[in-house]
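Structure file model-v2.txt (compact mmCIF, C-alpha atoms) is printed below.
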```txt
# COMPACT_ATOMS: atom_id res chain seq x y z
CA MET A 1 47.42 85.55 101.70
CA SER A 2 46.73 89.28 101.50
CA ARG A 3 43.29 90.80 101.66
CA VAL A 4 42.51 93.34 98.95
CA VAL A 5 39.42 95.53 98.68
CA HIS A 6 38.51 96.99 95.30
CA TYR A 7 36.64 100.30 94.96
CA LEU A 8 34.50 100.79 91.83
CA ASN A 9 31.83 103.24 90.72
CA GLN A 10 28.21 102.34 90.00
CA PHE A 11 28.86 101.53 86.37
CA PHE A 12 31.70 99.05 86.88
CA ALA A 13 29.94 97.56 89.90
CA GLY A 14 27.01 96.68 87.63
CA PHE A 15 24.28 99.16 88.64
CA GLY A 16 24.03 101.18 85.44
CA GLY A 17 25.43 104.35 83.97
CA GLU A 18 24.54 107.99 84.60
CA ASN A 19 21.03 106.92 85.65
CA ALA A 20 22.61 105.16 88.62
CA ALA A 21 25.10 107.87 89.56
CA SER A 22 23.38 108.38 92.91
CA THR A 23 23.69 104.74 93.96
CA PRO A 24 24.40 104.79 97.69
CA PRO A 25 27.60 103.18 98.96
CA GLY A 26 27.52 99.43 99.37
CA LEU A 27 29.54 96.25 99.23
CA LYS A 28 29.57 93.08 97.15
CA PRO A 29 31.62 90.07 98.22
CA GLY A 30 34.64 89.14 96.14
CA ALA A 31 35.68 90.65 92.82
CA VAL A 32 33.16 92.29 90.51
CA GLY A 33 33.37 93.49 86.90
CA PRO A 34 36.94 94.60 86.09
CA GLY A 35 37.88 93.35 89.57
CA LYS A 36 37.75 89.83 88.23
CA LYS A 37 40.59 90.55 85.82
CA LEU A 38 42.39 92.36 88.61
CA GLN A 39 42.09 89.22 90.78
CA GLU A 40 43.45 87.07 87.97
CA LEU A 41 46.43 89.40 87.55
CA LEU A 42 47.10 89.59 91.28
CA GLY A 43 47.42 85.83 91.52
CA ALA A 44 46.61 83.35 94.25
CA GLU A 45 48.60 85.05 97.03
CA HIS A 46 46.28 88.07 97.08
CA GLU A 47 42.52 87.82 97.42
CA VAL A 48 40.01 90.49 96.42
CA VAL A 49 37.78 89.84 99.41
CA ALA A 50 35.20 92.52 98.63
CA THR A 51 34.22 95.25 96.23
CA VAL A 52 32.99 98.53 97.68
CA TYR A 53 31.07 100.75 95.31
CA CYS A 54 29.34 104.12 95.27
CA GLY A 55 27.55 106.25 92.68
CA ASP A 56 29.84 108.89 91.17
CA ASP A 57 27.58 111.82 92.00
CA LEU A 58 27.46 110.94 95.69
CA ALA A 59 31.10 109.93 96.01
CA ALA A 60 32.36 113.16 94.50
CA VAL A 61 30.21 115.56 96.54
CA SER A 62 28.96 113.91 99.73
CA PRO A 63 31.31 113.64 102.72
CA ASP A 64 28.83 111.23 104.35
CA ALA A 65 28.94 108.89 101.36
CA LEU A 66 32.74 109.01 101.40
CA ALA A 67 32.75 108.24 105.14
CA THR A 68 30.45 105.25 104.58
CA VAL A 69 32.69 103.96 101.80
CA LEU A 70 35.72 104.20 104.09
CA GLU A 71 33.86 102.39 106.90
CA LEU A 72 32.90 99.57 104.53
CA VAL A 73 36.52 99.32 103.41
CA ALA A 74 37.89 99.31 106.97
CA GLN A 75 35.48 96.60 108.10
CA GLN A 76 37.14 94.23 105.64
CA ARG A 77 40.53 94.67 107.37
CA PRO A 78 42.30 94.90 104.01
CA ASP A 79 46.05 94.89 103.45
CA LEU A 80 45.46 97.09 100.41
CA LEU A 81 42.65 99.13 98.87
CA VAL A 82 42.71 99.47 95.08
CA ALA A 83 40.51 102.21 93.56
CA GLY A 84 39.65 102.40 89.85
CA PRO A 85 40.89 102.51 87.07
CA ALA A 86 38.92 105.73 86.55
CA SER A 87 40.44 106.67 83.13
CA THR A 88 39.40 110.23 82.32
CA SER A 89 36.05 110.13 84.14
CA GLY A 90 36.23 113.22 86.34
CA ARG A 91 33.82 112.37 89.17
CA TYR A 92 35.02 108.78 89.31
CA GLY A 93 38.64 109.99 89.42
CA VAL A 94 37.85 112.41 92.22
CA ALA A 95 36.06 109.61 94.09
CA CYS A 96 38.94 107.14 93.65
CA ALA A 97 41.47 109.75 94.76
CA ARG A 98 39.51 110.72 97.87
CA VAL A 99 38.73 107.13 98.84
CA ALA A 100 42.39 106.19 98.50
CA ALA A 101 43.55 109.30 100.39
CA GLY A 102 41.00 108.66 103.17
CA ALA A 103 42.12 105.04 103.48
CA VAL A 104 45.80 105.97 103.80
CA ARG A 105 44.98 108.57 106.43
CA ALA A 106 43.07 105.87 108.33
CA GLY A 107 46.14 103.63 108.25
CA ILE A 108 45.12 101.40 105.31
CA ALA A 109 47.53 101.13 102.36
CA ALA A 110 45.79 102.26 99.19
CA ILE A 111 46.51 103.00 95.55
CA ALA A 112 44.30 104.61 92.91
CA SER A 113 44.38 104.43 89.13
CA MET A 114 43.37 107.12 86.62
CA HIS A 115 44.55 108.91 83.50
CA PRO A 116 47.27 111.54 84.12
CA GLU A 117 44.87 114.28 83.01
CA ASN A 118 42.06 113.25 85.32
CA PRO A 119 41.06 116.26 87.42
CA GLY A 120 40.89 113.99 90.47
CA LEU A 121 44.64 113.41 90.46
CA ASP A 122 45.38 116.28 92.83
CA ASP A 123 42.94 114.91 95.45
CA ALA A 124 44.88 111.71 96.11
CA GLY A 125 46.98 113.28 98.89
CA PRO A 126 49.22 110.62 100.44
CA ALA A 127 47.94 107.79 98.23
CA PRO A 128 50.05 106.79 95.20
CA VAL A 129 48.26 107.04 91.86
CA ILE A 130 49.10 104.80 88.93
CA ALA A 131 48.50 106.00 85.37
CA SER A 132 45.69 104.33 83.47
CA GLY A 133 44.73 104.59 79.83
CA ALA A 134 42.31 107.20 78.60
CA SER A 135 39.29 104.95 78.16
CA VAL A 136 37.63 101.60 78.79
CA ARG A 137 39.29 100.35 75.61
CA GLU A 138 42.62 100.35 77.43
CA MET A 139 41.19 98.67 80.54
CA GLY A 140 43.27 95.51 80.03
CA ALA A 141 46.57 97.36 79.94
CA SER A 142 45.48 99.67 82.77
CA LEU A 143 44.63 96.69 84.98
CA GLU A 144 47.96 95.01 84.22
CA ARG A 145 49.86 98.07 85.34
CA LEU A 146 47.61 98.52 88.36
CA ALA A 147 47.98 94.87 89.44
CA ALA A 148 51.77 95.06 89.11
CA ALA A 149 51.80 98.18 91.29
CA ALA A 150 49.44 96.55 93.79
CA ARG A 151 51.72 93.53 94.15
CA LYS A 152 54.71 95.83 94.72
CA ARG A 153 52.81 97.84 97.29
CA LEU A 154 51.71 94.65 99.08
CA ALA A 155 55.36 93.55 99.16
CA GLY A 156 56.20 96.85 100.86
CA GLU A 157 58.15 98.20 97.91
CA PRO A 158 57.99 101.88 96.98
CA LEU A 159 56.20 102.89 93.78
CA ARG A 160 58.09 105.06 91.29
CA GLU A 161 57.63 106.72 87.91
CA ALA A 162 58.71 103.47 86.23
CA ASP A 163 55.71 101.74 87.83
CA GLY A 164 53.43 104.31 86.23
CA ARG A 165 53.24 106.51 89.29
CA ILE A 166 51.83 109.97 88.53
CA GLY A 167 50.91 113.02 90.55
CA LYS A 168 52.67 114.31 93.63
CA THR A 169 55.49 111.98 94.60
CA PRO A 170 57.04 112.69 97.99
CA ARG A 171 60.74 113.37 97.78
CA LYS A 172 63.04 110.99 99.56
CA ASN A 173 66.63 111.99 100.23
CA VAL A 174 69.24 109.48 99.08
CA LEU A 175 73.01 109.76 99.57
CA VAL A 176 75.03 109.22 96.40
CA ASP A 177 78.76 109.02 95.95
CA ARG A 178 79.26 112.04 93.66
CA ASN A 179 78.20 115.60 94.27
CA ALA A 180 75.72 117.47 92.13
CA ALA A 181 78.41 119.50 90.35
CA SER A 182 80.11 116.32 89.05
CA ARG A 183 76.82 114.78 88.03
CA ALA A 184 75.70 117.96 86.29
CA VAL A 185 78.94 118.19 84.29
CA ASP A 186 78.64 114.53 83.29
CA LEU A 187 75.05 115.08 82.19
CA LEU A 188 76.07 118.13 80.15
CA LEU A 189 78.95 116.24 78.49
CA ALA A 190 76.63 113.35 77.67
CA ARG A 191 74.11 115.70 76.08
CA LEU A 192 76.81 117.55 74.12
CA ALA A 193 78.02 114.19 72.83
CA GLY A 194 74.51 113.58 71.55
CA ARG A 195 73.63 110.90 74.10
CA ASP A 196 70.11 110.92 75.42
CA ALA A 197 70.89 111.20 79.13
CA PRO A 198 67.85 111.69 81.39
CA ALA A 199 67.64 114.69 83.71
CA GLU A 200 67.46 113.97 87.43
CA VAL A 201 64.41 116.15 87.86
CA PRO A 202 61.52 115.59 85.44
CA VAL A 203 60.90 118.63 83.28
CA PRO A 204 57.21 119.30 82.63
CA LYS A 205 56.05 118.84 79.06
CA PHE A 206 53.90 121.54 77.57
CA ASP A 207 51.32 121.12 74.86
CA HIS A 208 51.91 122.22 71.34
CA VAL A 209 49.30 124.90 70.74
CA THR A 210 47.93 125.09 67.21
CA PRO A 211 47.80 128.80 66.38
CA ALA A 212 44.34 130.18 65.72
CA PRO A 213 43.98 131.70 62.27
CA PRO A 214 44.22 135.50 62.19
CA ILE A 215 41.05 137.56 62.21
CA ALA A 216 40.42 139.38 58.96
CA ASP A 217 39.28 142.75 60.20
CA PRO A 218 39.41 143.90 63.82
CA SER A 219 37.07 146.80 63.02
CA GLN A 220 34.34 144.19 62.54
CA ALA A 221 35.30 142.03 65.49
CA THR A 222 34.42 141.90 69.17
CA ILE A 223 37.60 141.60 71.21
CA ALA A 224 37.88 140.54 74.84
CA LEU A 225 40.38 141.66 77.45
CA VAL A 226 41.50 138.82 79.70
CA THR A 227 44.21 138.73 82.32
CA GLU A 228 46.09 136.52 84.80
CA SER A 229 47.20 139.55 86.78
CA GLY A 230 44.72 139.01 89.59
CA LEU A 231 43.01 142.39 89.02
CA VAL A 232 39.65 142.44 90.79
CA PRO A 233 37.23 145.01 92.19
CA VAL A 234 38.72 146.54 95.32
CA GLY A 235 37.98 144.36 98.33
CA ASN A 236 38.17 141.15 96.23
CA PRO A 237 34.45 140.44 96.75
CA ASP A 238 34.63 136.97 95.23
CA ARG A 239 37.83 136.04 96.99
CA LEU A 240 40.12 135.25 94.08
CA GLU A 241 43.16 133.42 95.41
CA SER A 242 46.55 135.16 95.46
CA ALA A 243 48.34 131.98 94.44
CA ARG A 244 47.51 128.46 93.26
CA ALA A 245 44.23 129.70 91.87
CA THR A 246 41.55 127.09 91.46
CA ARG A 247 39.14 129.39 89.65
CA TRP A 248 38.68 132.36 87.39
CA LEU A 249 36.21 135.23 87.61
CA ARG A 250 34.44 137.66 85.29
CA TYR A 251 33.48 141.27 85.83
CA SER A 252 31.43 143.66 83.76
CA ILE A 253 33.21 146.57 82.12
CA ALA A 254 30.29 147.41 79.85
CA ASP A 255 29.82 150.94 81.15
CA LYS A 256 33.45 151.70 81.93
CA GLY A 257 35.81 153.85 79.91
CA THR A 258 38.81 153.18 82.11
CA ALA A 259 40.00 151.08 85.06
CA PRO A 260 40.30 153.68 87.84
CA ALA A 261 42.63 153.48 90.81
CA GLY A 262 40.65 152.89 93.95
CA GLU A 263 38.05 150.79 92.14
CA TYR A 264 40.33 147.92 91.18
CA ALA A 265 43.30 146.29 92.85
CA SER A 266 45.43 143.26 92.17
CA VAL A 267 45.51 140.35 94.61
CA HIS A 268 48.28 138.54 92.71
CA GLY A 269 50.94 137.39 95.18
CA GLY A 270 53.72 136.99 92.60
CA TYR A 271 54.76 140.59 91.93
CA SER A 272 54.64 143.99 93.55
CA THR A 273 51.20 145.41 92.87
CA VAL A 274 52.11 148.99 93.79
CA TRP A 275 52.34 150.29 90.20
CA ALA A 276 49.26 148.41 89.07
CA ASN A 277 47.16 149.72 91.94
CA GLN A 278 48.24 153.29 91.08
CA ASP A 279 46.77 152.77 87.65
CA PRO A 280 44.92 149.51 86.96
CA ASN A 281 45.06 150.27 83.23
CA ARG A 282 48.63 149.05 83.55
CA LEU A 283 47.13 145.53 83.94
CA LEU A 284 43.82 145.86 82.12
CA PRO A 285 44.29 148.38 79.28
CA LEU A 286 40.67 149.52 79.33
CA ASP A 287 41.31 153.23 78.67
CA VAL A 288 43.14 152.60 75.41
CA ALA A 289 40.90 149.69 74.39
CA ARG A 290 37.86 152.01 74.64
CA GLU A 291 39.69 154.66 72.65
CA LEU A 292 40.37 152.15 69.89
CA GLU A 293 36.74 151.05 70.01
CA ARG A 294 35.54 154.69 69.67
CA GLU A 295 37.87 155.22 66.73
CA GLY A 296 36.59 152.08 65.04
CA ALA A 297 39.93 150.25 65.13
CA ILE A 298 38.08 147.56 67.08
CA GLY A 299 34.47 146.70 66.25
CA ALA A 300 33.51 146.30 69.88
CA LEU A 301 35.01 145.50 73.24
CA HIS A 302 33.46 142.56 75.07
CA GLY A 303 31.34 143.70 78.00
CA GLU A 304 33.25 141.62 80.56
CA TYR A 305 36.84 140.88 81.39
CA LEU A 306 38.01 137.49 82.61
CA VAL A 307 40.58 137.20 85.36
CA THR A 308 42.55 134.67 87.32
CA THR A 309 45.79 134.73 89.29
CA GLY A 310 48.68 133.22 87.39
CA ASN A 311 50.90 132.53 90.39
CA GLY A 312 51.89 128.91 90.96
CA THR A 313 48.83 127.86 88.99
CA THR A 314 49.02 124.14 88.38
CA VAL A 315 49.36 123.19 84.74
CA PRO A 316 46.12 121.15 84.80
CA ASN A 317 44.19 124.09 86.28
CA ALA A 318 45.73 126.54 83.84
CA ARG A 319 44.83 124.23 81.00
CA ARG A 320 41.28 123.98 82.30
CA PHE A 321 40.96 127.78 82.60
CA GLY A 322 42.19 128.16 79.03
CA VAL A 323 39.64 125.67 77.73
CA GLU A 324 36.84 127.32 79.72
CA TRP A 325 37.84 130.83 78.61
CA ALA A 326 37.92 129.76 74.99
CA ALA A 327 34.50 128.13 75.27
CA GLU A 328 33.07 131.12 77.12
CA LEU A 329 34.43 133.66 74.67
CA ARG A 330 33.40 131.67 71.64
CA ARG A 331 29.89 131.36 73.06
CA ALA A 332 29.81 135.15 73.43
CA GLY A 333 30.81 135.68 69.80
CA ILE A 334 34.31 136.95 70.54
CA SER A 335 36.87 136.67 67.73
CA ALA A 336 40.05 137.45 69.63
CA ALA A 337 41.32 137.98 73.14
CA ILE A 338 44.12 140.16 74.42
CA LEU A 339 45.76 138.52 77.43
CA THR A 340 47.89 140.64 79.74
CA ALA A 341 50.34 138.53 81.70
CA THR A 342 52.51 139.43 84.68
CA MET B 1 49.60 137.70 74.88
CA LEU B 2 51.31 140.76 76.32
CA CYS B 3 54.08 139.74 78.69
CA ASN B 4 57.59 140.44 79.86
CA LEU B 5 59.11 136.95 80.09
CA VAL B 6 59.04 136.27 76.39
CA SER B 7 61.30 133.20 76.51
CA VAL B 8 58.97 131.55 79.03
CA ALA B 9 55.99 132.33 76.77
CA GLU B 10 57.79 130.81 73.79
CA ARG B 11 58.79 127.71 75.72
CA VAL B 12 55.23 126.94 76.79
CA GLY B 13 53.95 127.47 73.27
CA ALA B 14 52.13 130.84 73.35
CA VAL B 15 51.86 131.84 69.72
CA ARG B 16 51.28 135.59 69.46
CA ILE B 17 53.53 137.42 71.91
CA VAL B 18 53.89 141.17 72.44
CA PRO B 19 56.85 141.99 74.71
CA THR B 20 56.16 144.44 77.52
CA ARG B 21 58.47 146.54 79.67
CA GLY B 22 57.93 145.08 83.13
CA ILE B 23 56.32 142.16 84.91
CA PRO B 24 54.24 144.31 87.29
CA TYR B 25 52.85 146.56 84.54
CA PRO B 26 52.23 144.70 81.27
CA THR B 27 50.42 147.62 79.68
CA GLY B 28 52.32 150.35 81.50
CA ASP B 29 55.68 151.98 82.08
CA PRO B 30 55.94 153.99 85.30
CA SER B 31 59.21 155.57 84.15
CA LEU B 32 57.22 157.62 81.61
CA THR B 33 54.96 160.63 82.16
CA PRO B 34 51.24 159.81 82.15
CA THR B 35 50.86 161.08 78.59
CA GLU B 36 53.87 159.11 77.34
CA GLU B 37 52.69 156.01 79.23
CA ARG B 38 49.26 156.17 77.64
CA ALA B 39 50.90 156.48 74.22
CA TRP B 40 53.05 153.44 75.03
CA ARG B 41 49.94 151.51 76.07
CA ARG B 42 48.27 152.46 72.80
CA ALA B 43 51.34 151.31 70.84
CA LEU B 44 51.18 147.95 72.64
CA LEU B 45 47.51 147.46 71.82
CA LEU B 46 48.07 148.38 68.20
CA ARG B 47 50.83 145.76 68.12
CA ALA B 48 48.37 143.30 69.65
CA LEU B 49 45.88 144.08 66.87
CA LYS B 50 48.65 143.49 64.33
CA ALA B 51 49.37 140.15 65.98
CA ILE B 52 45.78 138.94 65.84
CA THR B 53 45.52 139.81 62.17
CA THR B 54 48.75 138.02 61.23
CA PRO B 55 48.96 134.30 60.46
CA VAL B 56 51.59 132.50 62.56
CA THR B 57 52.88 128.95 62.68
CA GLY B 58 54.54 128.97 66.07
CA PRO B 59 55.59 131.32 68.87
CA THR B 60 56.07 134.73 67.24
CA GLN B 61 56.96 138.08 68.74
CA PHE B 62 55.29 141.26 67.57
```
So, in terms of structure tokens, how does the structure I just supplied come out?
Amino acid sequence: MSRVVHYLNQFFAGFGGENAASTPPGLKPGAVGPGKKLQELLGAEHEVVATVYCGDDLAAVSPDALATVLELVAQQRPDLLVAGPASTSGRYGVACARVAAGAVRAGIAAIASMHPENPGLDDAGPAPVIASGASVREMGASLERLAAAARKRLAGEPLREADGRIGKTPRKNVLVDRNAASRAVDLLLARLAGRDAPAEVPVPKFDHVTPAPPIADPSQATIALVTESGLVPVGNPDRLESARATRWLRYSIADKGTAPAGEYASVHGGYSTVWANQDPNRLLPLDVARELEREGAIGALHGEYLVTTGNGTTVPNARRFGVEWAAELRRAGISAAILTAT
Amino acid sequence: MLCNLVSVAERVGAVRIVPTRGIPYPTGDPSLTPTEERAWRRALLLRALKAITTPVTGPTQF
């Protein structure tokens, strides 16, 4: 019989909601809360011997709390750690991902469960993550998928997309009997014949963006300049990344009529920045934007510009930046943004 | 959005697109004299203003 440990947050472990988000790490014997359904689905050959829990606030930010959680897990000598399902709860997802990753690194098999858009997904490292539903309403279905994946993992079988695996999946080389050229031609012929043949490499799906309505009169509007070109004050004082940006920054341009060479430079690692550094207005068109503002073609130019580096940005991060920029600009009373992209 | 790789912009669903002349200089053109380049930059921004005042239903180039 296999030994399984279940990781839950303070809410699912029965301590309360946000008021209990600082619950220190601890352990309860056997299955607790949703763990009971998990036990039922796992069957008699696998026993949930203990439930380790921690408050979301601590788990997501305190390395000591995470270390204690991992110690509690290890003491149970489990054959598998199951973390979540965390749905779309950000801190809980981050906690599940880090607990699972930490367990795998310590030699304990582990899987986590969360919604594909959970910001914690990228933290899971070597631990497989199984997709869950978006909310507690889908807990039943999420647990079924998670239990099925757990049984496979306990049987030593690999977890694939068909099992609901999401996030980084390590590539494994497999020898097949036909070369890529033959397979590609067959795939093309199948598609031309109207058959729905799947690609060998998953193609990312992008959101459909509902267009914003036009603004009526730019001479009455405040417009913002935003950019993914990585243009920052010379010296990159806030250390914007050159690739795989995890953040965006904002700088005042309130008293500036232009973006002078020598004051700004681009840290973007995805293109040659020589021309841009000669004249930063080639990335951030401040000189002309001010001219249009003076002439009254634009009501006003926003006093800051927003910047990130659009080089290998993950789709979830890019999506997050977009949402944050929109919220930020709307809060500042901006009607439209001009985005310069490289 | 002012960018050079218009087909990429369309594929990911950007809706108001103003094509530029080069990846490393979205609002520039180093092959022009400074005066001409500034005029080109102004033309781009005026196109951007046209884009934000025009209703669109999907990816549209301006």
Can I get the residues of chain A within 7 Å of chain B, each with the closest pair of atoms and their distance in Å to one decimal, using all atoms listed in the file, sorted chain first then ascending number, as CSV?
```
residue,atom,partner,partner_atom,distance
A:Phe206,CA,B:Val12,CA,5.6
A:His208,CA,B:Gly13,CA,6.0
A:Val209,CA,B:Gly13,CA,5.9
A:Pro211,CA,B:Val15,CA,6.1
A:Pro213,CA,B:Pro55,CA,5.9
A:Pro214,CA,B:Thr53,CA,4.5
A:Ile215,CA,B:Thr53,CA,5.0
A:Ala216,CA,B:Thr53,CA,6.0
A:Tyr271,CA,B:Pro24,CA,6.0
A:Ser272,CA,B:Pro24,CA,6.3
A:Thr273,CA,B:Pro24,CA,6.4
A:Trp275,CA,B:Tyr25,CA,6.8
A:Ala276,CA,B:Tyr25,CA,6.1
A:Asn281,CA,B:Thr27,CA,7.0
A:Arg282,CA,B:Gly28,CA,4.4
A:Leu283,CA,B:Thr27,CA,5.8
A:Pro285,CA,B:Thr27,CA,6.2
A:Val288,CA,B:Arg42,CA,5.8
A:Ile338,CA,B:Met1,CA,6.0
A:Leu339,CA,B:Met1,CA,4.7
A:Thr340,CA,B:Leu2,CA,4.8
A:Ala341,CA,B:Cys3,CA,5.0
A:Thr342,CA,B:Ile23,CA,4.7
```
Using all atoms of region 43-47 of chain A that appear in the file, construct an axis-aligned enclosing box with 6 Å of padding on every side and provide its centre coordinates and edge lengths in Å, rounded to one decimal, as lines of an AutoDock Vina configuration file.
```
center_x = 45.6
center_y = 85.7
center_z = 94.5
size_x = 18.1
size_y = 16.7
size_z = 17.9
```
(request) Using all atoms listed in the file, find the one residue out of A:Ala59, A:Thr258, A:Thr309, A:Asn118 that sits nearest to Arg290 (chain A). (result) A:Thr258
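Going from CA of Pro280 (chain A) over to CA of Gly322 (chain A), you cover 22.9 Å.
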(request) Skip Pro218 (chain A) itself and residues of its chain fewer than 6 positions away, then list as a list in words all residues within 7 Å of it, counting all atoms listed in the file. (result) Ala297, Ile298 and Gly299 of chain A
How would the residues just picked look written out with C-alpha atoms as an mmCIF file, in the frame of the given file?
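Output file out_27.cif is given in full below:
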```cif
data_model
loop_
_atom_site.group_PDB
_atom_site.id
_atom_site.type_symbol
_atom_site.label_atom_id
_atom_site.label_comp_id
_atom_site.auth_asym_id
_atom_site.auth_seq_id
_atom_site.Cartn_x
_atom_site.Cartn_y
_atom_site.Cartn_z
ATOM 1 C CA ALA A 297 39.930 150.250 65.130
ATOM 2 C CA ILE A 298 38.080 147.560 67.080
ATOM 3 C CA GLY A 299 34.470 146.700 66.250
#
```
(request) Tell me which protein, DNA and RNA residues are within 9 Å of Leu225 (chain A), counting only C-alpha atoms, leaving out same-chain ones fewer than 4 positions away, and put them as a ChimeraX atom specification. (result) /A:284-286,289,301-302,304-306,336-340
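Once Ala155 (chain A) and its same-chain neighbours fewer than 6 positions away are set aside, Met1, Ser2, Glu45, His46, Asp79, Leu80, Ala109, Ala148 and Ala149 of chain A remain within 12 Å of it when counting all atoms listed in the file.
Residues in contact range of Glu71 (chain A), defined as at most 12 Å between only C-alpha atoms, with sequence neighbours fewer than 2 positions away removed, read Pro25, Gly26, Leu27, Val52, Asp64, Ala65, Leu66, Ala67, Thr68, Val69, Val73, Ala74, Gln75, Gln76, Arg77, Pro78, Val99, Gly102, Ala103, Ala106 and Ile108 of chain A.
Computed from the coordinates, the CA of Leu192 (chain A) to CA of Ala162 (chain A) distance equals 25.9 Å.
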Because some atoms of region 241-262 of chain A are absent here, can you restore N, CA and C atoms and send them as a compact mmCIF listing (two decimals), keeping the file's coordinate frame?
```txt
# COMPACT_ATOMS: atom_id res chain seq x y z
N GLU A 241 41.95 133.78 94.67
CA GLU A 241 43.16 133.42 95.41
C GLU A 241 44.37 134.22 94.92
N SER A 242 45.32 134.44 95.83
CA SER A 242 46.55 135.16 95.46
C SER A 242 47.60 134.25 94.84
N ALA A 243 47.41 132.96 95.02
CA ALA A 243 48.34 131.98 94.44
C ALA A 243 47.59 130.67 94.31
N ARG A 244 48.12 129.79 93.45
CA ARG A 244 47.51 128.46 93.26
C ARG A 244 46.01 128.56 93.02
N ALA A 245 45.65 129.47 92.14
CA ALA A 245 44.23 129.70 91.87
C ALA A 245 43.54 128.44 91.38
N THR A 246 42.34 128.25 91.91
CA THR A 246 41.55 127.09 91.46
C THR A 246 40.38 127.55 90.61
N ARG A 247 40.27 128.87 90.42
CA ARG A 247 39.14 129.39 89.65
C ARG A 247 39.51 130.66 88.90
N TRP A 248 38.55 131.07 88.06
CA TRP A 248 38.68 132.36 87.39
C TRP A 248 37.35 133.09 87.58
N LEU A 249 37.39 134.41 87.37
CA LEU A 249 36.21 135.23 87.61
C LEU A 249 35.94 136.13 86.41
N ARG A 250 34.78 136.74 86.39
CA ARG A 250 34.44 137.66 85.29
C ARG A 250 33.77 138.87 85.89
N TYR A 251 34.09 140.03 85.35
CA TYR A 251 33.48 141.27 85.83
C TYR A 251 33.06 142.13 84.66
N SER A 252 31.94 142.81 84.83
CA SER A 252 31.43 143.66 83.76
C SER A 252 32.28 144.92 83.64
N ILE A 253 32.57 145.28 82.38
CA ILE A 253 33.21 146.57 82.12
C ILE A 253 32.38 147.32 81.10
N ALA A 254 31.12 146.90 80.94
CA ALA A 254 30.29 147.41 79.85
C ALA A 254 30.13 148.92 79.88
N ASP A 255 30.06 149.49 81.09
CA ASP A 255 29.82 150.94 81.15
C ASP A 255 31.07 151.69 81.58
N LYS A 256 32.23 151.06 81.43
CA LYS A 256 33.45 151.70 81.93
C LYS A 256 34.37 152.11 80.79
N GLY A 257 34.88 153.34 80.92
CA GLY A 257 35.81 153.85 79.91
C GLY A 257 37.25 153.72 80.33
N THR A 258 37.45 153.31 81.58
CA THR A 258 38.81 153.18 82.11
C THR A 258 38.75 152.29 83.35
N ALA A 259 39.93 151.88 83.83
CA ALA A 259 40.00 151.08 85.06
C ALA A 259 40.60 151.97 86.14
N PRO A 260 39.76 152.64 86.93
CA PRO A 260 40.30 153.68 87.84
C PRO A 260 40.97 153.10 89.09
N ALA A 261 42.00 153.83 89.53
CA ALA A 261 42.63 153.48 90.81
C ALA A 261 41.59 153.64 91.89
N GLY A 262 41.63 152.79 92.88
CA GLY A 262 40.65 152.89 93.95
C GLY A 262 39.43 152.02 93.71
```
